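K.L.:
Here you go, one structure.
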Amino acid sequence: METLVYIALFAPFVGSLFAGLFFARSPKNIIVGIVNPALIFISFLASVALAFHVAEYGEVHIKMMDWISVGNLNIPFGFLVDEVSVTMMVVVTLVSTVVHIYSNGYMDHDKSFNRFFSYLSAFVFSMMILVMSDNFAGLFIGWEGVGVCSWLLIGFWYHKKDVTPDINPAISPSYAANEAFIMNRIADLGMLVGLFLIYWNVGSLQYDVVFEKLPHLADGLLVSIAIALFIGAMGKSAQFPLHTWLTDAMEGPTPVSALIHAATMVTAGVFLVIRANPLYSLDAVAGVSYFIAALGTFVAFYAASMALVNRDLKRIIAYSTLSQLGYMFAAAGLGAYWIALFHLAAHAFFKALLFLGAGNVMHAMDDELDLFKMGGLKKVMRGTYIYMGVASLALAGIPPLAGYFSKDAIIETAFNEGTYILWFSLVFTAGLTAFYSFRQVFLTFEGEERYKKYGFHPHEMYKYVLVAMSPLAILAVVAGWFQETFHEFIIAVLPDYEMSHHTHHNAWWLGLLVLAFAVSGIVIAYKKYAQKGENAFKQDAEVENGFLYKLLMNQYYVPYFYVEFIVKPYTVISEKFWAIDKAVVDGTVDMIAKVLYRTGDKTRTMQNGNLSSYLNWMGAGALLLILAAAVSAVMG
Amino acid sequence: MIGISHYLILSGILFSIGFMGVLRRKNLLMLFFATEVMLNAVNIAFAAIGNYYGDLSGQMFAFFVIAVAASEVAVGLGLLIVLYKKYGSLDLDVIATMKG
């Protein structure tokens, strides 16, 4: 079993090194395009084998080597493959495999083809470390690793020029990459504080040791640890107010958006909360848990509302990711950890599919993202239409697709806990979700062929790419059917969550209500955007000038707020400090250099090659020495 | 009566003359003369002090100095001749080639 764990973990790493070391400077090499997906696929197979092993024999816990061993500090490189991590491993490697194959088609003409695969595999490796580590330190390494890789990948097209925010809100890929990185750094500080608090009070970072000792700690301390760790989770999972980076991260290549900003990296925060469930289920931190649920619900609604009006194909999907992450946090905060994990897995499948479909559209439309310039693409892109349709149905929660089961379970949980405000917000958001996802699908594929007006010549993606996407499509449909199997599998490590009898009795109308919201969302979207002819698409000037529309379109002015009240003052302060720094620190260093330089320059003239003047200097020196000797003799 | 101090004063004067010659002269040959003057000023002092203390080491030392000076002159003059052939002059300002 140990070998399988190492294969699952290191196959992506080997892929990254393979592409990075041997092909970094060479032009597109098809070997990289074959070997790297194959290695990720091997990792996937190993993960599946481990999943079966874990289901039968329980967790695998191995220690590879001592990593940090200083005094009392002992942090081993250990890996824990239990039900939670193996679920994550299978999801990550499966989505990664598809994305790797997909990238072959999508990055076909990119001159940095090999570099892209190197980063992508490195990302998968970091994510595997994150989920497989048996201690918080290893988790943090993976956490930072995915941060770095996402920076590299978002800024992959770093050569793109800056444009003003009214053309592109993220300005440029390098801007977006920096924004993501810096926001995550801010959150990581919280996480680090949490880790220090744990180590300080428990004396270990191993999960099993920590969770065993946690109940004996003081309440205030537990709350601080819970808050600090959740701040870390907020950054990685882009929860309000650290959410702006996620939509801007859409500047990266689309496979990156599918892999990182939908299926894997952003779920790391949810994973952390699930992993730390013994902490978050303590009575002492009930307040924090409830806050997590409330924040999750808020973000679910908040992000969905912004997705309603956006015109950018990828940004809408990014908002929906935010929104679904909110759902996961709501479930985790309410104590239904296994439901959160279930939604995480199901969401990974249909969201990756949705993004890859959007990538196909972008590929066909020469990177055009404005929905209002598309329309009627179903004729040329039937395969993609089916995929995106299926993914959107799953996202909207239409039975019997995956999203129906997982999202419904979350909404039921909120009802079961008696938090009716959260429950209704989540139900309403489900309606919004259905509307915006189908608004996007219909604007893209149905209605008039507006793209002709703009001179696009769309074409379907390569066959093999469409075939490679099919596992995701199948899973987006069937994943929900395995809810019970998954439930039995996962409660070995996660606390069970059962609905009360009262909820059971009401489950049928609760489900129907959600469904009604979802269906009406789709119907409204269809009526408004899928028709042909004159009414097909009218831009409603009155609505667009309305306050609400502007508010949503400008993302509640949160990015503006950040720029005006954080970025600009910070720039001003930085410039001031820069001036001080230049005067004091640089000044001191420069002065030393200048003194030496000037002394050298002045005394240089001594070396004029004239023996006579040398002798004069020598004589003067000798006199000086005699004088000094005489003075010291006289002084005694 | 000529005492030790007269010798020493003579030696000092000669040494100063030689020293000034080393500092002020521009001709290499003259520099050699000046160094010889200085060496011999020291020889006078050695001999005088040796005699004053009734110790022969001073006079012995003077002989050594004379021997060293002679060999130095032999080598030095050889070099001077080469230098003169090369530059056509022994003026220090002329033969200085370094640009400081």
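Each chain in the structure tokens gets a letter, A, B, ..., in the order shown, and its residues are numbered from 1; ligands are numbered from 1 in order too.
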Show me, as a PyMOL selection string, the residues that have an atom within 7 Å of stretch 17-22 of chain B when counting only C-alpha atoms, minus same-chain residues fewer than 3 positions from it.

P.N.:
chain B and resi 13-14+25+31+34-35+37-38

K.L.:
Compute the chain A side of the contact with chain B at 9 Å, counting only C-alpha atoms, and hand it back as a list in words.

P.N.:
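Only these qualify: Arg604, Thr605, Met606, Gln607, Asn608, Gly609, Asn610, Leu611, Ser612, Ser613, Leu615, Asn616, Trp617 and Gly619 of chain A.
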
K.L.:
Keeping only N, CA, C and O atoms, take the residues you just selected and write them out as a PDB file, in the first residue's frame.

P.N.:
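Heads up, here's the output in again_29.pdb:
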ATOM      1  N   ARG A 604      44.470  58.521  -6.042  1.00  0.00           N
ATOM      2  CA  ARG A 604      44.922  57.852  -7.263  1.00  0.00           C
ATOM      3  C   ARG A 604      46.109  58.585  -7.886  1.00  0.00           C
ATOM      4  O   ARG A 604      47.019  57.978  -8.436  1.00  0.00           O
ATOM      5  N   THR A 605      46.084  59.922  -7.748  1.00  0.00           N
ATOM      6  CA  THR A 605      47.119  60.737  -8.403  1.00  0.00           C
ATOM      7  C   THR A 605      48.510  60.475  -7.834  1.00  0.00           C
ATOM      8  O   THR A 605      49.510  60.823  -8.440  1.00  0.00           O
ATOM      9  N   MET A 606      48.549  59.865  -6.637  1.00  0.00           N
ATOM     10  CA  MET A 606      49.856  59.495  -6.090  1.00  0.00           C
ATOM     11  C   MET A 606      50.593  58.549  -7.014  1.00  0.00           C
ATOM     12  O   MET A 606      51.804  58.610  -7.176  1.00  0.00           O
ATOM     13  N   GLN A 607      49.823  57.639  -7.621  1.00  0.00           N
ATOM     14  CA  GLN A 607      50.426  56.609  -8.456  1.00  0.00           C
ATOM     15  C   GLN A 607      50.661  57.145  -9.857  1.00  0.00           C
ATOM     16  O   GLN A 607      50.046  56.706 -10.818  1.00  0.00           O
ATOM     17  N   ASN A 608      51.530  58.155  -9.969  1.00  0.00           N
ATOM     18  CA  ASN A 608      51.691  58.768 -11.285  1.00  0.00           C
ATOM     19  C   ASN A 608      52.887  58.207 -12.046  1.00  0.00           C
ATOM     20  O   ASN A 608      53.204  58.660 -13.130  1.00  0.00           O
ATOM     21  N   GLY A 609      53.548  57.200 -11.464  1.00  0.00           N
ATOM     22  CA  GLY A 609      54.657  56.577 -12.179  1.00  0.00           C
ATOM     23  C   GLY A 609      55.944  57.389 -12.128  1.00  0.00           C
ATOM     24  O   GLY A 609      56.945  57.007 -12.715  1.00  0.00           O
ATOM     25  N   ASN A 610      55.904  58.514 -11.415  1.00  0.00           N
ATOM     26  CA  ASN A 610      57.100  59.341 -11.323  1.00  0.00           C
ATOM     27  C   ASN A 610      57.858  59.002 -10.053  1.00  0.00           C
ATOM     28  O   ASN A 610      57.382  59.214  -8.949  1.00  0.00           O
ATOM     29  N   LEU A 611      59.073  58.461 -10.218  1.00  0.00           N
ATOM     30  CA  LEU A 611      59.841  57.992  -9.072  1.00  0.00           C
ATOM     31  C   LEU A 611      60.097  59.106  -8.073  1.00  0.00           C
ATOM     32  O   LEU A 611      60.049  58.907  -6.858  1.00  0.00           O
ATOM     33  N   SER A 612      60.268  60.296  -8.597  1.00  0.00           N
ATOM     34  CA  SER A 612      60.583  61.431  -7.726  1.00  0.00           C
ATOM     35  C   SER A 612      59.435  61.703  -6.756  1.00  0.00           C
ATOM     36  O   SER A 612      59.656  61.884  -5.555  1.00  0.00           O
ATOM     37  N   SER A 613      58.235  61.691  -7.281  1.00  0.00           N
ATOM     38  CA  SER A 613      57.130  61.986  -6.373  1.00  0.00           C
ATOM     39  C   SER A 613      56.896  60.810  -5.431  1.00  0.00           C
ATOM     40  O   SER A 613      56.516  60.989  -4.282  1.00  0.00           O
ATOM     41  N   LEU A 615      59.259  59.101  -4.147  1.00  0.00           N
ATOM     42  CA  LEU A 615      60.262  59.306  -3.100  1.00  0.00           C
ATOM     43  C   LEU A 615      59.840  60.403  -2.150  1.00  0.00           C
ATOM     44  O   LEU A 615      60.043  60.307  -0.945  1.00  0.00           O
ATOM     45  N   ASN A 616      59.213  61.423  -2.706  1.00  0.00           N
ATOM     46  CA  ASN A 616      58.727  62.504  -1.849  1.00  0.00           C
ATOM     47  C   ASN A 616      57.710  61.981  -0.858  1.00  0.00           C
ATOM     48  O   ASN A 616      57.755  62.289   0.328  1.00  0.00           O
ATOM     49  N   TRP A 617      56.780  61.151  -1.395  1.00  0.00           N
ATOM     50  CA  TRP A 617      55.774  60.574  -0.497  1.00  0.00           C
ATOM     51  C   TRP A 617      56.423  59.689   0.544  1.00  0.00           C
ATOM     52  O   TRP A 617      56.066  59.709   1.714  1.00  0.00           O
ATOM     53  N   GLY A 619      59.437  59.883   1.654  1.00  0.00           N
ATOM     54  CA  GLY A 619      60.142  60.736   2.615  1.00  0.00           C
ATOM     55  C   GLY A 619      59.186  61.326   3.621  1.00  0.00           C
ATOM     56  O   GLY A 619      59.435  61.299   4.845  1.00  0.00           O
TER      57      GLY A 619
END

K.L.:
Find the spatial neighbours of A:Ile398, counting only C-alpha atoms, within a cut-off of 8 Å - ignore same-chain residues fewer than 4 positions away - and output them as a ChimeraX atom specification.

P.N.:
/A:393-394,403-404,515,518-519

K.L.:
Once DSSP has gone over the backbone, tell me which residues of stretch 5-86 of chain A are in alpha helix (DSSP H), as a ChimeraX atom specification.

P.N.:
/A:5-22,30-57,83-86

K.L.:
Find the residues near A:Asp248: any atom within 6 Å, counting only C-alpha atoms, skip ones fewer than 3 places away on the same chain, and give them as an MDAnalysis selection string.

P.N.:
chainID A and resid 170 176 245

K.L.:
Store the residues of this selection in a file with N, CA, C and O atoms, as an mmCIF file, in the first residue's frame.

P.N.:
data_model
loop_
_atom_site.group_PDB
_atom_site.id
_atom_site.type_symbol
_atom_site.label_atom_id
_atom_site.label_comp_id
_atom_site.auth_asym_id
_atom_site.auth_seq_id
_atom_site.Cartn_x
_atom_site.Cartn_y
_atom_site.Cartn_z
ATOM 1 N N ALA A 170 -9.907 42.982 -14.454
ATOM 2 C CA ALA A 170 -8.718 42.444 -13.799
ATOM 3 C C ALA A 170 -7.442 43.096 -14.315
ATOM 4 O O ALA A 170 -6.368 42.818 -13.817
ATOM 5 N N ALA A 176 -3.892 40.025 -12.095
ATOM 6 C CA ALA A 176 -4.776 39.049 -11.462
ATOM 7 C C ALA A 176 -3.971 38.054 -10.635
ATOM 8 O O ALA A 176 -4.369 37.692 -9.526
ATOM 9 N N TRP A 245 -10.362 37.919 -5.786
ATOM 10 C CA TRP A 245 -9.318 37.343 -6.627
ATOM 11 C C TRP A 245 -9.854 36.249 -7.527
ATOM 12 O O TRP A 245 -9.342 36.036 -8.624
#

K.L.:
Just the number, please: distance in Å from atom CA of A:Phe211 to atom CA of A:Leu279, one decimal.

P.N.:
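Separating atom CA of A:Phe211 from atom CA of A:Leu279 is a distance of 6.9 Å.
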
K.L.:
Considering only C-alpha atoms, return as a list of chain:residue names whatever protein or nucleic-acid residues lie within 12 Å of B:Val73, sequence-local ones (same chain, fewer than 2 positions apart) excluded.

P.N.:
B:Leu29, B:Leu31, B:Phe32, B:Phe33, B:Ala34, B:Thr35, B:Glu36, B:Leu39, B:Val65, B:Ile66, B:Ala67, B:Val68, B:Ala69, B:Ala70, B:Ser71, B:Val75, B:Gly76, B:Leu77, B:Gly78, B:Leu79, B:Leu80, B:Ile81

K.L.:
What gap, in Å, lies between atom CA of A:Asn360 and atom CA of A:Thr384?

P.N.:
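These atoms are spaced 6.9 Å apart.
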
K.L.:
Could you list, as a list of chain:residue names, every residue within 12 Å of B:Ser57, counting only C-alpha atoms and ignoring same-chain residues fewer than 6 positions away?

P.N.:
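Near B:Ser57, the qualifying residues are B:Asn43, B:Phe46, B:Ala47, B:Ala48, B:Ile49, B:Gly50, B:Asn51, B:Phe63, B:Phe64.
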
K.L.:
Could the residues in this selection be saved with N, CA and C atoms as a CSV table (one decimal), in the first residue's frame?

P.N.:
chain,number,residue,atom,x,y,z
B,43,ASN,N,77.8,56.1,7.5
B,43,ASN,CA,79.1,55.5,7.8
B,43,ASN,C,79.9,56.4,8.8
B,46,PHE,N,78.5,55.9,12.1
B,46,PHE,CA,78.9,54.6,12.7
B,46,PHE,C,80.3,54.6,13.2
B,47,ALA,N,81.2,55.1,12.3
B,47,ALA,CA,82.6,55.0,12.7
B,47,ALA,C,82.9,55.9,14.0
B,48,ALA,N,82.2,57.1,14.0
B,48,ALA,CA,82.5,58.0,15.1
B,48,ALA,C,81.9,57.3,16.4
B,49,ILE,N,80.8,56.8,16.3
B,49,ILE,CA,80.2,56.3,17.6
B,49,ILE,C,81.0,55.0,18.0
B,50,GLY,N,81.4,54.2,17.0
B,50,GLY,CA,82.2,53.0,17.3
B,50,GLY,C,83.5,53.4,18.1
B,51,ASN,N,84.1,54.4,17.5
B,51,ASN,CA,85.3,54.9,18.2
B,51,ASN,C,85.0,55.5,19.6
B,63,PHE,N,81.9,49.1,7.2
B,63,PHE,CA,82.5,48.4,6.0
B,63,PHE,C,81.4,47.6,5.2
B,64,PHE,N,80.6,47.0,6.0
B,64,PHE,CA,79.5,46.3,5.4
B,64,PHE,C,78.6,47.3,4.5

K.L.:
One number please: atom CA of A:Val390 to atom CA of A:Phe350, in Å, one decimal.

P.N.:
8.1 Å

K.L.:
A:Ala593, A:Leu195, A:Ala358, A:Ala122: which is nearest A:Leu313, counting only C-alpha atoms?

P.N.:
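Using only C-alpha atoms, the shortest distance to A:Leu313 belongs to A:Ala358.
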
K.L.:
I want to know what sits within 9 Å of stretch 438-445 of chain A, based on only C-alpha atoms, with residues of the same chain fewer than 2 positions away left out; could you give that as a ChimeraX atom specification?

P.N.:
/A:308,311-313,316-317,361,371-379,381-382,385,388-389,392-393,396,433-436,447-449,521-526,528-531,537
